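Trainee: A single structure is presented below for examination.
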Amino acid sequence: MSETKDGRRGLLGTAATVAIVILVAVVVVVGAVYWGAPRLTRVRVGQPPPDFTVGQLDPSVVTGTTGTLSKMRRPMVLFFLDTRWPGASAYAHSAELLYRRTFRRGLTMVAVMLDDDLPRAREFRQGNQLTFTVLSDPHAEVVGAKYGVPKAPEAYLIDKQGRVSAVFTDRLDWADPATREAIEKHLEPGAW
(Lines give C-alpha, C1' and ligand atoms only; values in the text may rest on other atoms or scores of the structure.)
Protein backbone atom coordinates (compact mmCIF):
# COMPACT_ATOMS: atom_id res chain seq x y z
CA MET A 1 0.00 0.00 0.00
CA SER A 2 1.16 3.49 -0.68
CA GLU A 3 1.47 6.10 2.02
CA THR A 4 1.28 9.85 1.77
CA LYS A 5 4.15 12.09 2.88
CA ASP A 6 2.69 12.41 6.38
CA GLY A 7 2.52 8.54 6.83
CA ARG A 8 -1.20 7.99 6.24
CA ARG A 9 -2.52 5.28 3.95
CA GLY A 10 -3.99 6.30 0.68
CA LEU A 11 -7.72 6.24 0.06
CA LEU A 12 -7.48 3.06 -2.02
CA GLY A 13 -5.72 1.09 0.76
CA THR A 14 -8.29 2.15 3.37
CA ALA A 15 -11.23 1.25 1.13
CA ALA A 16 -9.77 -2.20 0.41
CA THR A 17 -9.25 -2.88 4.12
CA VAL A 18 -12.81 -1.81 4.95
CA ALA A 19 -14.20 -4.00 2.13
CA ILE A 20 -12.29 -7.04 3.39
CA VAL A 21 -13.47 -6.49 6.97
CA ILE A 22 -17.09 -6.15 5.80
CA LEU A 23 -16.82 -9.28 3.63
CA VAL A 24 -15.43 -11.34 6.51
CA ALA A 25 -18.16 -10.06 8.85
CA VAL A 26 -20.88 -10.98 6.32
CA VAL A 27 -19.46 -14.50 5.90
CA VAL A 28 -19.33 -15.00 9.68
CA VAL A 29 -22.92 -13.76 10.16
CA VAL A 30 -24.34 -15.84 7.28
CA GLY A 31 -22.50 -18.93 8.57
CA ALA A 32 -23.83 -18.42 12.09
CA VAL A 33 -27.40 -17.94 10.83
CA TYR A 34 -27.17 -21.04 8.63
CA TRP A 35 -25.75 -23.21 11.42
CA GLY A 36 -28.34 -22.02 13.95
CA ALA A 37 -31.33 -22.14 11.61
CA PRO A 38 -33.77 -25.02 11.87
CA ARG A 39 -33.18 -27.52 9.11
CA LEU A 40 -35.91 -27.90 6.54
CA THR A 41 -36.83 -31.52 6.03
CA ARG A 42 -38.31 -33.16 2.97
CA VAL A 43 -40.58 -35.26 5.19
CA ARG A 44 -43.95 -33.81 6.15
CA VAL A 45 -46.31 -34.59 9.03
CA GLY A 46 -49.34 -36.55 7.83
CA GLN A 47 -47.48 -38.15 4.90
CA PRO A 48 -45.91 -41.60 4.72
CA PRO A 49 -42.16 -41.43 5.24
CA PRO A 50 -39.99 -42.21 2.22
CA ASP A 51 -39.21 -45.92 2.22
CA PHE A 52 -35.64 -47.16 2.06
CA THR A 53 -33.58 -50.30 2.40
CA VAL A 54 -30.09 -50.13 3.90
CA GLY A 55 -27.67 -52.56 5.52
CA GLN A 56 -27.97 -53.83 9.07
CA LEU A 57 -25.22 -52.79 11.44
CA ASP A 58 -25.92 -56.01 13.32
CA PRO A 59 -27.73 -58.56 11.10
CA SER A 60 -28.91 -60.56 14.11
CA VAL A 61 -31.50 -57.89 14.99
CA VAL A 62 -33.67 -58.39 11.90
CA THR A 63 -33.52 -61.47 9.67
CA GLY A 64 -31.19 -60.88 6.73
CA THR A 65 -28.55 -58.29 6.14
CA THR A 66 -30.74 -55.34 5.24
CA GLY A 67 -33.52 -53.39 6.88
CA THR A 68 -36.48 -51.91 5.01
CA LEU A 69 -38.43 -49.17 6.75
CA SER A 70 -41.85 -50.20 5.40
CA LYS A 71 -41.42 -53.75 6.74
CA MET A 72 -40.84 -52.69 10.34
CA ARG A 73 -43.45 -52.66 13.10
CA ARG A 74 -45.12 -49.39 14.07
CA PRO A 75 -45.46 -47.09 15.95
CA MET A 76 -41.85 -46.25 15.42
CA VAL A 77 -39.25 -43.63 16.12
CA LEU A 78 -36.79 -43.33 13.25
CA PHE A 79 -33.70 -41.22 13.80
CA PHE A 80 -30.33 -40.50 12.25
CA LEU A 81 -27.03 -40.57 14.08
CA ASP A 82 -23.36 -40.08 13.31
CA THR A 83 -20.73 -40.96 15.92
CA ARG A 84 -18.72 -37.89 14.87
CA TRP A 85 -21.46 -35.53 16.06
CA PRO A 86 -20.80 -33.92 19.45
CA GLY A 87 -22.83 -35.65 22.15
CA ALA A 88 -23.66 -38.68 19.97
CA SER A 89 -23.01 -41.16 22.76
CA ALA A 90 -25.23 -39.34 25.28
CA TYR A 91 -27.96 -38.97 22.64
CA ALA A 92 -27.86 -42.70 21.81
CA HIS A 93 -27.88 -43.62 25.52
CA SER A 94 -30.93 -41.41 26.09
CA ALA A 95 -32.69 -43.07 23.12
CA GLU A 96 -31.84 -46.50 24.55
CA LEU A 97 -33.45 -45.55 27.88
CA LEU A 98 -36.61 -44.45 26.08
CA TYR A 99 -36.69 -47.68 24.09
CA ARG A 100 -36.27 -49.85 27.20
CA ARG A 101 -39.17 -48.02 28.87
CA THR A 102 -41.52 -48.33 25.89
CA PHE A 103 -40.76 -51.37 23.73
CA ARG A 104 -43.17 -53.61 25.67
CA ARG A 105 -45.87 -51.08 24.90
CA GLY A 106 -45.28 -51.42 21.18
CA LEU A 107 -42.67 -48.82 20.29
CA THR A 108 -40.11 -49.74 17.66
CA MET A 109 -36.95 -47.66 17.54
CA VAL A 110 -34.70 -47.57 14.50
CA ALA A 111 -31.45 -45.65 14.21
CA VAL A 112 -29.68 -45.11 10.90
CA MET A 113 -25.95 -44.64 11.42
CA LEU A 114 -24.43 -42.31 8.83
CA ASP A 115 -20.81 -43.17 9.64
CA ASP A 116 -18.57 -44.19 6.78
CA ASP A 117 -16.36 -46.13 9.22
CA LEU A 118 -18.39 -49.32 9.83
CA PRO A 119 -16.05 -50.86 12.44
CA ARG A 120 -16.27 -47.61 14.43
CA ALA A 121 -20.07 -47.59 14.10
CA ARG A 122 -20.29 -51.23 15.29
CA GLU A 123 -18.00 -50.42 18.22
CA PHE A 124 -20.19 -47.39 19.05
CA ARG A 125 -23.30 -49.61 19.05
CA GLN A 126 -21.71 -52.26 21.26
CA GLY A 127 -20.07 -49.74 23.57
CA ASN A 128 -23.40 -47.97 24.16
CA GLN A 129 -25.24 -51.31 24.53
CA LEU A 130 -27.92 -50.31 22.02
CA THR A 131 -30.64 -52.94 21.85
CA PHE A 132 -32.89 -51.29 19.26
CA THR A 133 -32.52 -51.81 15.51
CA VAL A 134 -29.50 -50.05 14.05
CA LEU A 135 -29.14 -49.72 10.30
CA SER A 136 -26.17 -48.38 8.39
CA ASP A 137 -26.07 -45.92 5.50
CA PRO A 138 -22.47 -44.74 5.10
CA HIS A 139 -22.25 -41.20 3.72
CA ALA A 140 -26.10 -40.99 3.81
CA GLU A 141 -26.14 -42.24 0.22
CA VAL A 142 -29.61 -43.82 0.41
CA VAL A 143 -31.48 -41.83 3.06
CA GLY A 144 -29.76 -38.57 2.08
CA ALA A 145 -31.56 -38.56 -1.26
CA LYS A 146 -34.93 -39.06 0.42
CA TYR A 147 -34.60 -37.23 3.75
CA GLY A 148 -31.74 -34.82 3.14
CA VAL A 149 -28.43 -35.17 4.95
CA PRO A 150 -28.89 -34.11 8.57
CA LYS A 151 -26.22 -31.96 10.22
CA ALA A 152 -27.42 -33.03 13.67
CA PRO A 153 -29.55 -35.85 15.03
CA GLU A 154 -32.99 -35.81 13.47
CA ALA A 155 -36.01 -37.95 14.35
CA TYR A 156 -39.42 -38.89 12.97
CA LEU A 157 -42.35 -40.41 14.84
CA ILE A 158 -44.28 -42.78 12.57
CA ASP A 159 -47.77 -43.81 13.71
CA LYS A 160 -49.52 -47.20 13.39
CA GLN A 161 -51.01 -46.19 10.04
CA GLY A 162 -47.53 -45.57 8.65
CA ARG A 163 -47.74 -41.78 8.55
CA VAL A 164 -45.34 -39.28 10.07
CA SER A 165 -46.96 -37.76 13.15
CA ALA A 166 -44.00 -35.63 14.33
CA VAL A 167 -40.72 -34.37 12.90
CA PHE A 168 -37.86 -33.34 15.16
CA THR A 169 -35.12 -31.49 13.24
CA ASP A 170 -32.80 -30.84 16.13
CA ARG A 171 -31.19 -32.82 18.92
CA LEU A 172 -34.15 -34.39 20.68
CA ASP A 173 -34.42 -34.61 24.44
CA TRP A 174 -36.01 -38.04 24.74
CA ALA A 175 -37.02 -37.32 28.36
CA ASP A 176 -38.72 -34.00 27.56
CA PRO A 177 -42.45 -34.06 28.52
CA ALA A 178 -43.52 -32.79 25.06
CA THR A 179 -41.54 -35.54 23.36
CA ARG A 180 -42.91 -38.15 25.73
CA GLU A 181 -46.47 -36.90 25.11
CA ALA A 182 -46.01 -37.10 21.32
CA ILE A 183 -44.81 -40.71 21.63
CA GLU A 184 -47.18 -41.73 24.44
CA LYS A 185 -50.36 -41.22 22.39
CA HIS A 186 -49.25 -43.96 19.99
CA LEU A 187 -48.48 -46.61 22.59
CA GLU A 188 -50.52 -49.26 24.36
CA PRO A 189 -51.73 -48.08 27.81
CA GLY A 190 -49.27 -48.48 30.66
CA ALA A 191 -46.85 -46.65 32.88
CA TRP A 192 -44.11 -44.62 31.28
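Ligands are numbered from 1 in the order shown, chains are lettered A, B, ... in the order of the C-alpha coordinates, and residues start at 1 in each chain.
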Quick one: residues within 9 Å of region 113-127 of chain A, only C-alpha atoms counted, chain neighbours fewer than 2 positions away excluded, as a ChimeraX atom specification?

Mentor: /A:57-58,79-84,89,92,111,129-131,134-141

Trainee: Env of Met109 (chain A): 12 Å cut, atoms = only C-alpha atoms, seq-sep filter 2 positions within chain, self excluded. Answer as a ChimeraX atom specification.

Mentor: /A:61,69,72-80,92,95-104,106-107,111-112,130-135,155-158,183

Trainee: Rounded to one decimal in Å, what is the spacing between CA of Glu154 (chain A) and CA of Thr169 (chain A)?

Mentor: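 Between CA of Glu154 (chain A) and CA of Thr169 (chain A) the gap is 4.8 Å.
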
Trainee: Mind listing the strand (DSSP E) residues of region 15-146 of chain A, per DSSP on the backbone, as a PyMOL selection string?

Mentor: chain A and resi 53-56+66-68+76-81+108-113+133-136

Trainee: Quick one: distance from CA of Asp173 (chain A) to CA of Glu188 (chain A) in Å, one decimal?

Mentor: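 Computed distance, CA of Asp173 (chain A) to CA of Glu188 (chain A), equals 21.8 Å.
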
Trainee: A:Thr68, A:Ile20, A:Ala166, A:Val143: which is nearest Ala178 (chain A), counting only C-alpha atoms?

Mentor: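 The shortest atom-to-atom distance to Ala178 (chain A) comes from A:Ala166.
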
Trainee: So how far away is CA of Ala88 (chain A) from CA of Leu172 (chain A), in Å?

Mentor: 11.4 Å
